[in-house]
>>> print(open('coords-v4.cif').read())   # mmCIF, C-alpha atoms
data_data
#
loop_
_atom_site.group_PDB
_atom_site.id
_atom_site.type_symbol
_atom_site.label_atom_id
_atom_site.label_comp_id
_atom_site.auth_asym_id
_atom_site.auth_seq_id
_atom_site.Cartn_x
_atom_site.Cartn_y
_atom_site.Cartn_z
ATOM 1 C CA MET Z 1 8.957 65.089 -19.950
ATOM 2 C CA ALA Z 2 7.242 64.461 -23.298
ATOM 3 C CA ARG Z 3 8.753 67.690 -24.640
ATOM 4 C CA VAL Z 4 12.277 66.741 -23.515
ATOM 5 C CA ALA Z 5 11.982 63.252 -24.993
ATOM 6 C CA GLY Z 6 10.370 64.503 -28.174
ATOM 7 C CA VAL Z 7 7.392 62.169 -27.893
ATOM 8 C CA SER Z 8 3.704 62.383 -27.041
ATOM 9 C CA GLN Z 9 2.320 62.383 -23.503
ATOM 10 C CA ALA Z 10 0.633 59.077 -24.317
ATOM 11 C CA THR Z 11 4.011 57.536 -25.131
ATOM 12 C CA VAL Z 12 5.451 58.776 -21.834
ATOM 13 C CA SER Z 13 2.504 57.228 -19.990
ATOM 14 C CA LEU Z 14 3.011 53.889 -21.755
ATOM 15 C CA VAL Z 15 6.718 53.767 -20.959
ATOM 16 C CA LEU Z 16 6.460 54.867 -17.324
ATOM 17 C CA GLY Z 17 3.554 52.466 -16.825
ATOM 18 C CA GLU Z 18 5.622 49.614 -18.291
ATOM 19 C CA LYS Z 19 2.992 49.073 -20.985
ATOM 20 C CA TRP Z 20 5.196 50.023 -23.924
ATOM 21 C CA PRO Z 21 6.360 46.582 -25.246
ATOM 22 C CA GLY Z 22 4.772 46.003 -28.615
ATOM 23 C CA ARG Z 23 3.568 49.612 -28.801
ATOM 24 C CA VAL Z 24 6.732 51.673 -28.977
ATOM 25 C CA SER Z 25 10.315 50.787 -29.820
ATOM 26 C CA GLU Z 26 13.008 49.938 -27.289
ATOM 27 C CA ARG Z 27 14.915 53.025 -28.443
ATOM 28 C CA THR Z 28 11.927 55.290 -27.762
ATOM 29 C CA ALA Z 29 11.349 53.676 -24.377
ATOM 30 C CA GLU Z 30 14.976 54.289 -23.427
ATOM 31 C CA THR Z 31 14.707 57.918 -24.602
ATOM 32 C CA VAL Z 32 11.729 58.432 -22.271
ATOM 33 C CA ARG Z 33 13.526 56.732 -19.369
ATOM 34 C CA ALA Z 34 16.606 58.905 -19.961
ATOM 35 C CA ALA Z 35 14.426 62.027 -19.912
ATOM 36 C CA ALA Z 36 12.851 60.866 -16.655
ATOM 37 C CA ARG Z 37 16.276 60.392 -15.112
ATOM 38 C CA ASP Z 38 17.513 63.773 -16.332
ATOM 39 C CA LEU Z 39 14.431 65.511 -14.927
ATOM 40 C CA GLY Z 40 14.671 63.665 -11.624
ATOM 41 C CA TYR Z 41 11.256 62.049 -12.084
ATOM 42 C CA ARG Z 42 10.191 59.689 -9.318
ATOM 43 C CA PRO Z 43 6.853 57.856 -9.617
ATOM 44 C CA ASN Z 44 4.398 58.047 -6.736
ATOM 45 C CA LEU Z 45 4.688 54.387 -5.788
ATOM 46 C CA ALA Z 46 2.162 54.633 -2.977
ATOM 47 C CA ALA Z 47 -0.529 55.939 -5.344
ATOM 48 C CA ARG Z 48 0.398 53.387 -7.989
ATOM 49 C CA SER Z 49 0.271 50.559 -5.454
ATOM 50 C CA LEU Z 50 -3.218 51.591 -4.366
ATOM 51 C CA ARG Z 51 -4.379 51.799 -7.962
ATOM 52 C CA LEU Z 52 -2.936 48.445 -8.995
ATOM 53 C CA GLY Z 53 -3.533 46.623 -5.728
ATOM 54 C CA ARG Z 54 0.190 45.843 -5.446
ATOM 55 C CA THR Z 55 2.897 46.424 -2.884
ATOM 56 C CA ARG Z 56 5.568 46.459 -5.614
ATOM 57 C CA THR Z 57 7.723 44.247 -3.433
ATOM 58 C CA VAL Z 58 9.283 40.940 -4.399
ATOM 59 C CA LEU Z 59 10.860 38.419 -2.043
ATOM 60 C CA LEU Z 60 14.072 36.715 -3.173
ATOM 61 C CA VAL Z 61 14.729 33.581 -1.117
ATOM 62 C CA VAL Z 62 18.172 31.951 -1.176
ATOM 63 C CA PRO Z 63 19.567 29.039 0.846
ATOM 64 C CA ALA Z 64 22.263 31.159 2.489
ATOM 65 C CA LEU Z 65 24.547 34.141 1.990
ATOM 66 C CA THR Z 66 27.781 32.184 2.340
ATOM 67 C CA THR Z 67 28.940 32.678 -1.260
ATOM 68 C CA GLU Z 68 28.919 35.581 -3.667
ATOM 69 C CA PHE Z 69 26.838 33.554 -6.138
ATOM 70 C CA PHE Z 70 23.602 34.530 -4.410
ATOM 71 C CA ALA Z 71 24.744 38.132 -4.042
ATOM 72 C CA ARG Z 72 25.155 38.209 -7.820
ATOM 73 C CA VAL Z 73 21.714 36.669 -8.297
ATOM 74 C CA TYR Z 74 20.317 39.481 -6.139
ATOM 75 C CA THR Z 75 22.193 42.125 -8.138
ATOM 76 C CA GLY Z 76 20.686 40.909 -11.404
ATOM 77 C CA ALA Z 77 17.184 40.621 -9.966
ATOM 78 C CA GLU Z 78 17.317 44.026 -8.271
ATOM 79 C CA ARG Z 79 18.434 45.775 -11.448
ATOM 80 C CA VAL Z 80 15.438 44.520 -13.430
ATOM 81 C CA ALA Z 81 13.069 45.147 -10.498
ATOM 82 C CA ALA Z 82 14.242 48.762 -10.243
ATOM 83 C CA ASP Z 83 13.492 49.293 -13.921
ATOM 84 C CA HIS Z 84 9.886 48.281 -13.164
ATOM 85 C CA GLY Z 85 9.578 50.329 -9.970
ATOM 86 C CA PHE Z 86 9.749 47.271 -7.692
ATOM 87 C CA GLY Z 87 11.814 46.657 -4.581
ATOM 88 C CA VAL Z 88 13.474 43.360 -3.658
ATOM 89 C CA VAL Z 89 13.698 41.918 -0.158
ATOM 90 C CA LEU Z 90 16.511 39.376 0.166
ATOM 91 C CA TYR Z 91 15.767 36.534 2.558
ATOM 92 C CA PRO Z 92 18.295 33.784 3.339
ATOM 93 C CA SER Z 93 16.380 30.756 4.582
ATOM 94 C CA PRO Z 94 17.630 29.910 8.092
ATOM 95 C CA GLU Z 95 17.222 26.224 7.329
ATOM 96 C CA GLY Z 96 19.189 26.324 4.076
ATOM 97 C CA VAL Z 97 17.473 23.992 1.627
ATOM 98 C CA GLY Z 98 14.804 23.052 4.181
ATOM 99 C CA PRO Z 99 11.477 24.819 4.829
ATOM 100 C CA ALA Z 100 11.754 28.588 4.882
ATOM 101 C CA ARG Z 101 9.840 30.429 7.610
ATOM 102 C CA ASP Z 102 7.627 33.355 6.619
ATOM 103 C CA PRO Z 103 9.674 36.499 7.389
ATOM 104 C CA PHE Z 104 6.471 38.560 7.481
ATOM 105 C CA ASP Z 105 3.300 38.232 9.517
ATOM 106 C CA SER Z 106 1.442 37.733 6.269
ATOM 107 C CA ALA Z 107 3.384 37.152 3.081
ATOM 108 C CA ARG Z 108 0.227 37.444 1.009
ATOM 109 C CA ALA Z 109 -0.349 41.004 2.231
ATOM 110 C CA SER Z 110 3.281 42.095 1.974
ATOM 111 C CA LEU Z 111 4.446 40.716 -1.368
ATOM 112 C CA ASP Z 112 3.568 40.622 -5.017
ATOM 113 C CA GLY Z 113 5.618 37.541 -5.782
ATOM 114 C CA VAL Z 114 8.458 35.255 -4.771
ATOM 115 C CA ILE Z 115 11.677 34.251 -6.510
ATOM 116 C CA ALA Z 116 13.611 31.379 -4.975
ATOM 117 C CA SER Z 117 17.087 30.212 -5.927
ATOM 118 C CA SER Z 118 18.445 26.680 -5.549
ATOM 119 C CA MET Z 119 15.595 25.425 -3.349
ATOM 120 C CA ALA Z 120 12.655 23.056 -3.567
ATOM 121 C CA ALA Z 121 9.285 24.717 -4.155
ATOM 122 C CA ASP Z 122 7.665 22.790 -1.286
ATOM 123 C CA ALA Z 123 10.116 24.486 1.096
ATOM 124 C CA LEU Z 124 8.431 27.809 0.356
ATOM 125 C CA ALA Z 125 4.842 27.127 1.411
ATOM 126 C CA ALA Z 126 4.956 29.471 4.408
ATOM 127 C CA VAL Z 127 6.758 32.244 2.560
ATOM 128 C CA ARG Z 128 4.420 32.233 -0.428
ATOM 129 C CA GLY Z 129 1.368 32.794 1.748
ATOM 130 C CA GLY Z 130 -0.760 30.898 -0.736
ATOM 131 C CA GLY Z 131 -1.360 31.931 -4.315
ATOM 132 C CA LEU Z 132 1.618 34.235 -4.789
ATOM 133 C CA PRO Z 133 3.397 33.879 -8.141
ATOM 134 C CA LEU Z 134 6.557 31.804 -7.735
ATOM 135 C CA VAL Z 135 9.584 31.747 -10.026
ATOM 136 C CA MET Z 136 12.257 29.157 -9.274
ATOM 137 C CA LEU Z 137 15.937 29.619 -10.150
ATOM 138 C CA ASP Z 138 18.444 26.772 -10.438
ATOM 139 C CA SER Z 139 15.760 24.335 -9.317
ATOM 140 C CA ASP Z 140 13.804 21.335 -10.579
ATOM 141 C CA PRO Z 141 12.036 22.427 -13.800
ATOM 142 C CA ASP Z 142 9.425 19.689 -13.305
ATOM 143 C CA ASP Z 143 8.245 21.115 -9.978
ATOM 144 C CA ALA Z 144 4.608 21.993 -10.662
ATOM 145 C CA ALA Z 145 4.484 24.557 -7.846
ATOM 146 C CA ALA Z 146 6.582 27.019 -9.849
ATOM 147 C CA ALA Z 147 4.833 29.223 -12.399
ATOM 148 C CA ALA Z 148 8.145 29.585 -14.239
ATOM 149 C CA THR Z 149 11.732 28.382 -13.925
ATOM 150 C CA VAL Z 150 15.085 29.865 -14.866
ATOM 151 C CA ASN Z 151 17.905 27.351 -14.906
ATOM 152 C CA LEU Z 152 21.526 27.119 -15.825
ATOM 153 C CA ASP Z 153 22.623 24.303 -18.104
ATOM 154 C CA ILE Z 154 24.210 22.596 -15.133
ATOM 155 C CA ALA Z 155 24.442 19.198 -16.853
ATOM 156 C CA ASP Z 156 26.392 20.700 -19.729
ATOM 157 C CA GLY Z 157 28.723 22.408 -17.259
ATOM 158 C CA ALA Z 158 29.518 19.079 -15.609
ATOM 159 C CA ARG Z 159 30.058 17.496 -19.008
ATOM 160 C CA GLN Z 160 32.409 20.327 -20.011
ATOM 161 C CA ALA Z 161 34.489 19.854 -16.861
ATOM 162 C CA ALA Z 162 34.639 16.081 -17.320
ATOM 163 C CA GLY Z 163 35.407 16.372 -21.017
ATOM 164 C CA HIS Z 164 38.249 18.794 -20.352
ATOM 165 C CA LEU Z 165 39.903 16.392 -17.897
ATOM 166 C CA LEU Z 166 39.318 13.311 -20.024
ATOM 167 C CA ARG Z 167 40.819 14.991 -23.095
ATOM 168 C CA LEU Z 168 43.886 15.832 -21.032
ATOM 169 C CA GLY Z 169 44.240 12.098 -20.397
ATOM 170 C CA HIS Z 170 42.833 11.687 -16.884
ATOM 171 C CA ARG Z 171 41.252 8.312 -16.198
ATOM 172 C CA ARG Z 172 41.066 8.265 -12.382
ATOM 173 C CA VAL Z 173 38.643 11.036 -11.426
ATOM 174 C CA ALA Z 174 37.200 11.772 -7.991
ATOM 175 C CA HIS Z 175 34.059 13.839 -7.465
ATOM 176 C CA LEU Z 176 33.941 16.006 -4.348
ATOM 177 C CA ALA Z 177 30.155 16.104 -4.158
ATOM 178 C CA ALA Z 178 28.276 18.692 -2.113
ATOM 179 C CA ALA Z 179 26.497 16.920 0.745
ATOM 180 C CA VAL Z 180 23.265 18.765 -0.055
ATOM 181 C CA ASP Z 181 20.160 17.027 -1.371
ATOM 182 C CA SER Z 182 19.126 19.477 -4.072
ATOM 183 C CA TRP Z 183 18.285 19.315 -7.762
ATOM 184 C CA THR Z 184 21.324 21.241 -8.934
ATOM 185 C CA PHE Z 185 23.822 18.934 -7.230
ATOM 186 C CA ARG Z 186 22.001 15.772 -8.315
ATOM 187 C CA VAL Z 187 22.197 16.975 -11.923
ATOM 188 C CA ARG Z 188 25.939 17.609 -11.632
ATOM 189 C CA ALA Z 189 26.584 14.143 -10.208
ATOM 190 C CA ARG Z 190 24.514 12.387 -12.855
ATOM 191 C CA ALA Z 191 26.053 14.265 -15.793
ATOM 192 C CA LEU Z 192 29.594 13.754 -14.496
ATOM 193 C CA ALA Z 193 29.054 10.018 -14.013
ATOM 194 C CA GLU Z 194 27.612 9.669 -17.511
ATOM 195 C CA ALA Z 195 30.489 11.564 -19.114
ATOM 196 C CA VAL Z 196 33.166 9.491 -17.371
ATOM 197 C CA SER Z 197 31.383 6.197 -18.139
ATOM 198 C CA GLU Z 198 31.561 6.925 -21.869
ATOM 199 C CA VAL Z 199 35.385 6.773 -21.902
ATOM 200 C CA PRO Z 200 36.936 3.273 -21.812
ATOM 201 C CA GLY Z 201 39.230 2.782 -18.846
ATOM 202 C CA ALA Z 202 37.989 5.863 -16.986
ATOM 203 C CA ALA Z 203 36.693 5.488 -13.435
ATOM 204 C CA LEU Z 204 34.868 7.869 -11.114
ATOM 205 C CA SER Z 205 34.751 7.803 -7.327
ATOM 206 C CA THR Z 206 32.569 10.073 -5.196
ATOM 207 C CA GLU Z 207 33.301 11.688 -1.848
ATOM 208 C CA PRO Z 208 30.627 13.802 -0.108
ATOM 209 C CA ALA Z 209 31.645 17.084 1.487
ATOM 210 C CA GLY Z 210 29.966 19.934 3.324
ATOM 211 C CA LEU Z 211 30.005 23.264 1.519
ATOM 212 C CA SER Z 212 33.013 24.890 3.160
ATOM 213 C CA VAL Z 213 36.740 25.141 2.537
ATOM 214 C CA GLU Z 214 37.448 23.026 5.612
ATOM 215 C CA GLU Z 215 35.022 20.275 4.610
ATOM 216 C CA GLY Z 216 36.449 20.314 1.105
ATOM 217 C CA ARG Z 217 39.952 19.944 2.501
ATOM 218 C CA ARG Z 218 38.967 16.988 4.659
ATOM 219 C CA ALA Z 219 37.155 15.251 1.830
ATOM 220 C CA ALA Z 220 40.087 15.737 -0.544
ATOM 221 C CA GLU Z 221 42.534 14.436 2.050
ATOM 222 C CA ARG Z 222 40.433 11.298 2.455
ATOM 223 C CA VAL Z 223 40.420 10.740 -1.294
ATOM 224 C CA LEU Z 224 44.089 11.502 -1.925
ATOM 225 C CA ALA Z 225 45.466 9.569 1.059
ATOM 226 C CA ARG Z 226 43.599 6.291 0.481
ATOM 227 C CA PRO Z 227 45.582 3.155 -0.334
ATOM 228 C CA GLY Z 228 45.775 2.224 -3.984
ATOM 229 C CA PRO Z 229 46.095 4.312 -7.158
ATOM 230 C CA ARG Z 230 45.462 7.963 -6.388
ATOM 231 C CA PRO Z 231 42.981 9.983 -8.451
ATOM 232 C CA THR Z 232 44.733 12.291 -10.877
ATOM 233 C CA ALA Z 233 41.839 14.761 -10.996
ATOM 234 C CA LEU Z 234 39.333 16.164 -8.506
ATOM 235 C CA VAL Z 235 36.042 17.562 -9.803
ATOM 236 C CA CYS Z 236 34.474 19.785 -7.133
ATOM 237 C CA ASP Z 237 30.824 20.871 -6.964
ATOM 238 C CA ASP Z 238 31.794 24.478 -6.314
ATOM 239 C CA ASP Z 239 34.819 26.726 -6.055
ATOM 240 C CA ILE Z 240 34.793 26.696 -2.250
ATOM 241 C CA LEU Z 241 35.203 22.913 -2.200
ATOM 242 C CA ALA Z 242 37.896 23.260 -4.855
ATOM 243 C CA ALA Z 243 39.813 25.721 -2.665
ATOM 244 C CA GLY Z 244 39.702 23.143 0.115
ATOM 245 C CA ALA Z 245 40.921 20.467 -2.296
ATOM 246 C CA CYS Z 246 43.883 22.627 -3.290
ATOM 247 C CA LYS Z 247 44.709 23.126 0.367
ATOM 248 C CA ALA Z 248 44.594 19.363 0.976
ATOM 249 C CA ALA Z 249 46.911 18.670 -1.945
ATOM 250 C CA ARG Z 250 49.493 21.111 -0.640
ATOM 251 C CA ARG Z 251 49.331 19.619 2.868
ATOM 252 C CA LEU Z 252 49.977 16.175 1.390
ATOM 253 C CA GLY Z 253 52.964 17.458 -0.541
ATOM 254 C CA LEU Z 254 51.253 17.233 -3.928
ATOM 255 C CA ARG Z 255 51.626 19.815 -6.669
ATOM 256 C CA ILE Z 256 48.722 21.249 -8.618
ATOM 257 C CA PRO Z 257 48.415 20.493 -11.489
ATOM 258 C CA ASP Z 258 51.557 18.355 -11.809
ATOM 259 C CA ASP Z 259 50.374 15.629 -9.427
ATOM 260 C CA VAL Z 260 46.640 16.282 -9.338
ATOM 261 C CA SER Z 261 44.275 18.520 -11.323
ATOM 262 C CA VAL Z 262 41.376 20.355 -9.683
ATOM 263 C CA THR Z 263 38.217 21.879 -11.159
ATOM 264 C CA GLY Z 264 35.454 23.932 -9.550
ATOM 265 C CA PHE Z 265 31.999 25.304 -10.309
ATOM 266 C CA ASP Z 266 30.659 28.914 -10.161
ATOM 267 C CA ASP Z 267 33.716 31.025 -11.074
ATOM 268 C CA LEU Z 268 33.664 33.021 -7.868
ATOM 269 C CA ALA Z 269 36.304 35.678 -7.185
ATOM 270 C CA LEU Z 270 38.000 32.921 -5.182
ATOM 271 C CA ALA Z 271 38.790 31.082 -8.425
ATOM 272 C CA THR Z 272 41.444 33.625 -9.385
ATOM 273 C CA ALA Z 273 42.553 34.325 -5.802
ATOM 274 C CA VAL Z 274 43.992 30.833 -5.302
ATOM 275 C CA GLU Z 275 47.319 29.802 -6.813
ATOM 276 C CA PRO Z 276 47.362 28.225 -9.304
ATOM 277 C CA GLU Z 277 44.190 29.850 -10.594
ATOM 278 C CA LEU Z 278 41.224 27.512 -10.771
ATOM 279 C CA THR Z 279 39.742 25.871 -13.835
ATOM 280 C CA THR Z 280 36.007 26.184 -13.230
ATOM 281 C CA VAL Z 281 32.556 26.322 -14.789
ATOM 282 C CA ARG Z 282 31.357 29.915 -14.992
ATOM 283 C CA LEU Z 283 27.719 30.351 -13.921
ATOM 284 C CA PRO Z 284 26.189 33.698 -14.987
ATOM 285 C CA ALA Z 285 24.524 34.421 -11.649
ATOM 286 C CA GLU Z 286 23.477 38.006 -12.453
ATOM 287 C CA ALA Z 287 21.839 36.837 -15.675
ATOM 288 C CA VAL Z 288 19.928 34.205 -13.688
ATOM 289 C CA GLY Z 289 18.586 36.810 -11.261
ATOM 290 C CA ALA Z 290 17.673 39.192 -14.073
ATOM 291 C CA ALA Z 291 15.885 36.481 -16.068
ATOM 292 C CA GLY Z 292 14.004 35.381 -12.960
ATOM 293 C CA MET Z 293 12.786 38.898 -12.269
ATOM 294 C CA ARG Z 294 11.729 39.384 -15.894
ATOM 295 C CA ALA Z 295 9.737 36.145 -15.670
ATOM 296 C CA LEU Z 296 8.006 37.369 -12.505
ATOM 297 C CA MET Z 297 7.191 40.737 -14.090
ATOM 298 C CA THR Z 298 5.642 38.858 -17.014
ATOM 299 C CA LEU Z 299 3.513 36.850 -14.591
ATOM 300 C CA LEU Z 300 2.369 39.996 -12.800
ATOM 301 C CA ASP Z 301 1.324 41.438 -16.168
ATOM 302 C CA GLY Z 302 -1.003 38.460 -16.588
ATOM 303 C CA GLU Z 303 1.111 36.734 -19.211
ATOM 304 C CA THR Z 304 2.864 33.358 -19.246
ATOM 305 C CA PRO Z 305 6.670 33.480 -19.320
ATOM 306 C CA GLN Z 306 8.768 30.866 -21.060
ATOM 307 C CA ASP Z 307 10.958 28.606 -18.942
ATOM 308 C CA THR Z 308 14.570 29.622 -19.499
ATOM 309 C CA VAL Z 309 17.847 27.672 -19.625
ATOM 310 C CA LEU Z 310 21.024 29.769 -19.671
ATOM 311 C CA PRO Z 311 24.309 28.447 -21.088
ATOM 312 C CA VAL Z 312 27.433 28.013 -18.957
ATOM 313 C CA ASP Z 313 31.105 27.962 -19.915
ATOM 314 C CA LEU Z 314 34.183 26.136 -18.717
ATOM 315 C CA ILE Z 315 37.025 28.556 -17.942
ATOM 316 C CA PRO Z 316 40.328 26.641 -18.220
ATOM 317 C CA ARG Z 317 43.071 27.963 -15.975
ATOM 318 C CA SER Z 318 46.278 26.689 -14.394
ATOM 319 C CA SER Z 319 44.835 24.111 -11.979
ATOM 320 C CA THR Z 320 44.436 21.475 -14.695
ATOM 321 C CA ALA Z 321 47.028 19.712 -16.860
ATOM 322 C CA PRO Z 322 47.683 16.222 -18.232
ATOM 323 C CA PRO Z 323 48.046 13.567 -15.506
ATOM 324 C CA PRO Z 324 51.504 12.589 -14.249
ATOM 325 C CA ARG Z 325 53.209 9.802 -16.145
ATOM 326 C CA PRO Z 326 53.122 6.396 -14.437
#
>>> encode(input="coords-v4.cif", output="structure tokens")
Amino acid sequence: MARVAGVSQATVSLVLGEKWPGRVSERTAETVRAAARDLGYRPNLAARSLRLGRTRTVLLVVPALTTEFFARVYTGAERVAADHGFGVVLYPSPEGVGPARDPFDSARASLDGVIASSMAADALAAVRGGGLPLVMLDSDPDDAAAAATVNLDIADGARQAAGHLLRLGHRRVAHLAAAVDSWTFRVRARALAEAVSEVPGAALSTEPAGLSVEEGRRAAERVLARPGPRPTALVCDDDILAAGACKAARRLGLRIPDDVSVTGFDDLALATAVEPELTTVRLPAEAVGAAGMRALMTLLDGETPQDTVLPVDLIPRSSTAPPPRP
């Protein structure tokens, strides 16, 4: 392998042992990895695990598998894990955001670390098995139980959505808020309320909704059918709720965006499947998973990773426009 890559055997050992950072260049490391792939090299993971005292297995805990967001998180995490010779076990917590049961007889014996997305750290006590490194994704950065956090700039995403609607001229805004008590949704609600309060004459109402198309439809129907001035814009906590809101508008004979504008969050495939296509905040889920796995690998190497905040972007599409004239 050293001969094919044109490097020394020591360099090959450093790269395959993931000890190359700071010792050889990224280009050289990639040359060695390419040679390994071309030669069909497969490390003896059983021998390496015995030598390092590791199982080379990471548990990724998510609230559920009901949206593609968490599938994308897994894809990003698995890609980085594979580069380090680790496997990833995906575990959707049966209780959602509540306590997650240990899927193994002994998590301590079966895992090297845990990554959890969009959950509270205290919900993971059984899964962690005590003392396992924990990296939290899209979760409270002040939670002391996590050794590292990787978050999206959720507050900025909510501000971008609100700012977009307010610049279009909307002043009656309704928030279809996910009926889930979690950090990420509390941040969205707070940032949205602050953004609307800064514009004279703008008002925000809030309607809770379960995270499904049907619950989003019902919540939107309640908001749009109430007596009094109707909201001209609906800000939804995710694209699934937004799809339900669009369905409600059509059932009430309203046109999107002529009569009411709708925004979502996530930028799922659903956002471009609905008509009109959905204005939404794009969350880079794969980047979140990849950054979380890199943080865990850093922890396992005995180093301290930096907490990470990833930027998000508003993607304007056809579901938003200026409000109807009085």
>>> atom_distance(input="coords-v4.cif", atom1="atom CA of Ser212 of chain Z", atom2="atom CA of Ala245 of chain Z")
10.6 Å
>>> resolve_selection(input="coords-v4.cif", expression="the PyMOL selection byres ((chain Z and resi 304-321) around 7)", output="ChimeraX atom specification")
/Z:148-153,157,160-161,168,256-258,261-262,276-283,295,298-299,302-303,322-323
>>> residues_around(input="coords-v4.cif", residues="Leu90 of chain Z", least_positions_apart="6", cutoff="12 Å", atoms="all atoms listed in the file", output="ChimeraX atom specification")
/Z:57-65,70-75,77-78,103,114-117,289
>>> closest_residue(input="coords-v4.cif", among="Z:Gly131, Z:Gly163, Z:Gly228, Z:Gly264", to="Ala191 of chain Z", atoms="only C-alpha atoms")
Z:Gly163
>>> resolve_selection(input="coords-v4.cif", expression="the PyMOL selection byres ((chain Z and resi 83) around 12)", output="list in words")
Val15, Leu16, Gly17, Glu18, Ala29, Glu30, Arg33, Ala34, Ala36, Arg37, Arg42, Pro43, Arg56, Gly76, Ala77, Glu78, Arg79, Val80, Ala81, Ala82, His84, Gly85, Phe86, Gly87, Val88, Ala290, Met293, Arg294 and Met297 of chain Z
>>> write_last_selection(input="coords-v4.cif", atoms="C-alpha atoms", output="compact mmCIF listing (two decimals), keeping the file's coordinate frame")
# COMPACT_ATOMS: atom_id res chain seq x y z
CA VAL Z 15 6.72 53.77 -20.96
CA LEU Z 16 6.46 54.87 -17.32
CA GLY Z 17 3.55 52.47 -16.82
CA GLU Z 18 5.62 49.61 -18.29
CA ALA Z 29 11.35 53.68 -24.38
CA GLU Z 30 14.98 54.29 -23.43
CA ARG Z 33 13.53 56.73 -19.37
CA ALA Z 34 16.61 58.90 -19.96
CA ALA Z 36 12.85 60.87 -16.66
CA ARG Z 37 16.28 60.39 -15.11
CA ARG Z 42 10.19 59.69 -9.32
CA PRO Z 43 6.85 57.86 -9.62
CA ARG Z 56 5.57 46.46 -5.61
CA GLY Z 76 20.69 40.91 -11.40
CA ALA Z 77 17.18 40.62 -9.97
CA GLU Z 78 17.32 44.03 -8.27
CA ARG Z 79 18.43 45.78 -11.45
CA VAL Z 80 15.44 44.52 -13.43
CA ALA Z 81 13.07 45.15 -10.50
CA ALA Z 82 14.24 48.76 -10.24
CA HIS Z 84 9.89 48.28 -13.16
CA GLY Z 85 9.58 50.33 -9.97
CA PHE Z 86 9.75 47.27 -7.69
CA GLY Z 87 11.81 46.66 -4.58
CA VAL Z 88 13.47 43.36 -3.66
CA ALA Z 290 17.67 39.19 -14.07
CA MET Z 293 12.79 38.90 -12.27
CA ARG Z 294 11.73 39.38 -15.89
CA MET Z 297 7.19 40.74 -14.09
>>> resolve_selection(input="coords-v4.cif", expression="the PyMOL selection byres ((chain Z and resi 200) around 12)", output="short mmCIF file (atom, residue, chain, number, x, y, z; two decimals) with C-alpha atoms, in the coordinates of the input")
data_model
loop_
_atom_site.label_atom_id
_atom_site.label_comp_id
_atom_site.auth_asym_id
_atom_site.auth_seq_id
_atom_site.Cartn_x
_atom_site.Cartn_y
_atom_site.Cartn_z
CA LEU Z 166 39.32 13.31 -20.02
CA GLY Z 169 44.24 12.10 -20.40
CA HIS Z 170 42.83 11.69 -16.88
CA ARG Z 171 41.25 8.31 -16.20
CA ARG Z 172 41.07 8.26 -12.38
CA ALA Z 195 30.49 11.56 -19.11
CA VAL Z 196 33.17 9.49 -17.37
CA SER Z 197 31.38 6.20 -18.14
CA GLU Z 198 31.56 6.92 -21.87
CA VAL Z 199 35.38 6.77 -21.90
CA GLY Z 201 39.23 2.78 -18.85
CA ALA Z 202 37.99 5.86 -16.99
CA ALA Z 203 36.69 5.49 -13.44
CA LEU Z 204 34.87 7.87 -11.11
#
>>> atom_distance(input="coords-v4.cif", atom1="atom CA of Ala147 of chain Z", atom2="atom CA of Ser93 of chain Z")
20.6 Å
>>> closest_residue(input="coords-v4.cif", among="Z:Phe265, Z:Gly210, Z:Ala220, Z:Pro227", to="Arg250 of chain Z", atoms="only C-alpha atoms")
Z:Ala220
>>> closest_residue(input="coords-v4.cif", among="Z:Asp156, Z:Glu68, Z:Asp259, Z:Asp142", to="Pro231 of chain Z", atoms="only C-alpha atoms")
Z:Asp259
>>> closest_residue(input="coords-v4.cif", among="Z:Glu194, Z:Leu234, Z:Ile240, Z:Leu176", to="Ala209 of chain Z", atoms="all atoms listed in the file")
Z:Leu176
>>> closest_residue(input="coords-v4.cif", among="Z:Leu254, Z:Val173, Z:Cys246, Z:Ala291", to="Glu275 of chain Z", atoms="only C-alpha atoms")
Z:Cys246
>>> atom_distance(input="coords-v4.cif", atom1="atom CA of Ala219 of chain Z", atom2="atom CA of Ala243 of chain Z")
11.7 Å
>>> closest_residue(input="coords-v4.cif", among="Z:Arg226, Z:Asp239, Z:His164, Z:Glu221", to="Arg251 of chain Z", atoms="all atoms listed in the file")
Z:Glu221
>>> residues_around(input="coords-v4.cif", residues="Leu300 of chain Z", least_positions_apart="5", cutoff="9 Å", atoms="all atoms listed in the file", output="JSON, numbers by chain")
{"Z": [112, 113, 133, 295]}
>>> axis_aligned_box(input="coords-v4.cif", around="segment 73-77 of chain Z", padding_each_side="5 Å", output="lines of an AutoDock Vina configuration file")
center_x = 19.7
center_y = 39.4
center_z = -8.8
size_x = 15.0
size_y = 15.5
size_z = 15.3
>>> residues_around(input="coords-v4.cif", residues="Val187 of chain Z", least_positions_apart="3", cutoff="9 Å", atoms="all atoms listed in the file", output="ChimeraX atom specification")
/Z:154-155,158,182-184,190-192
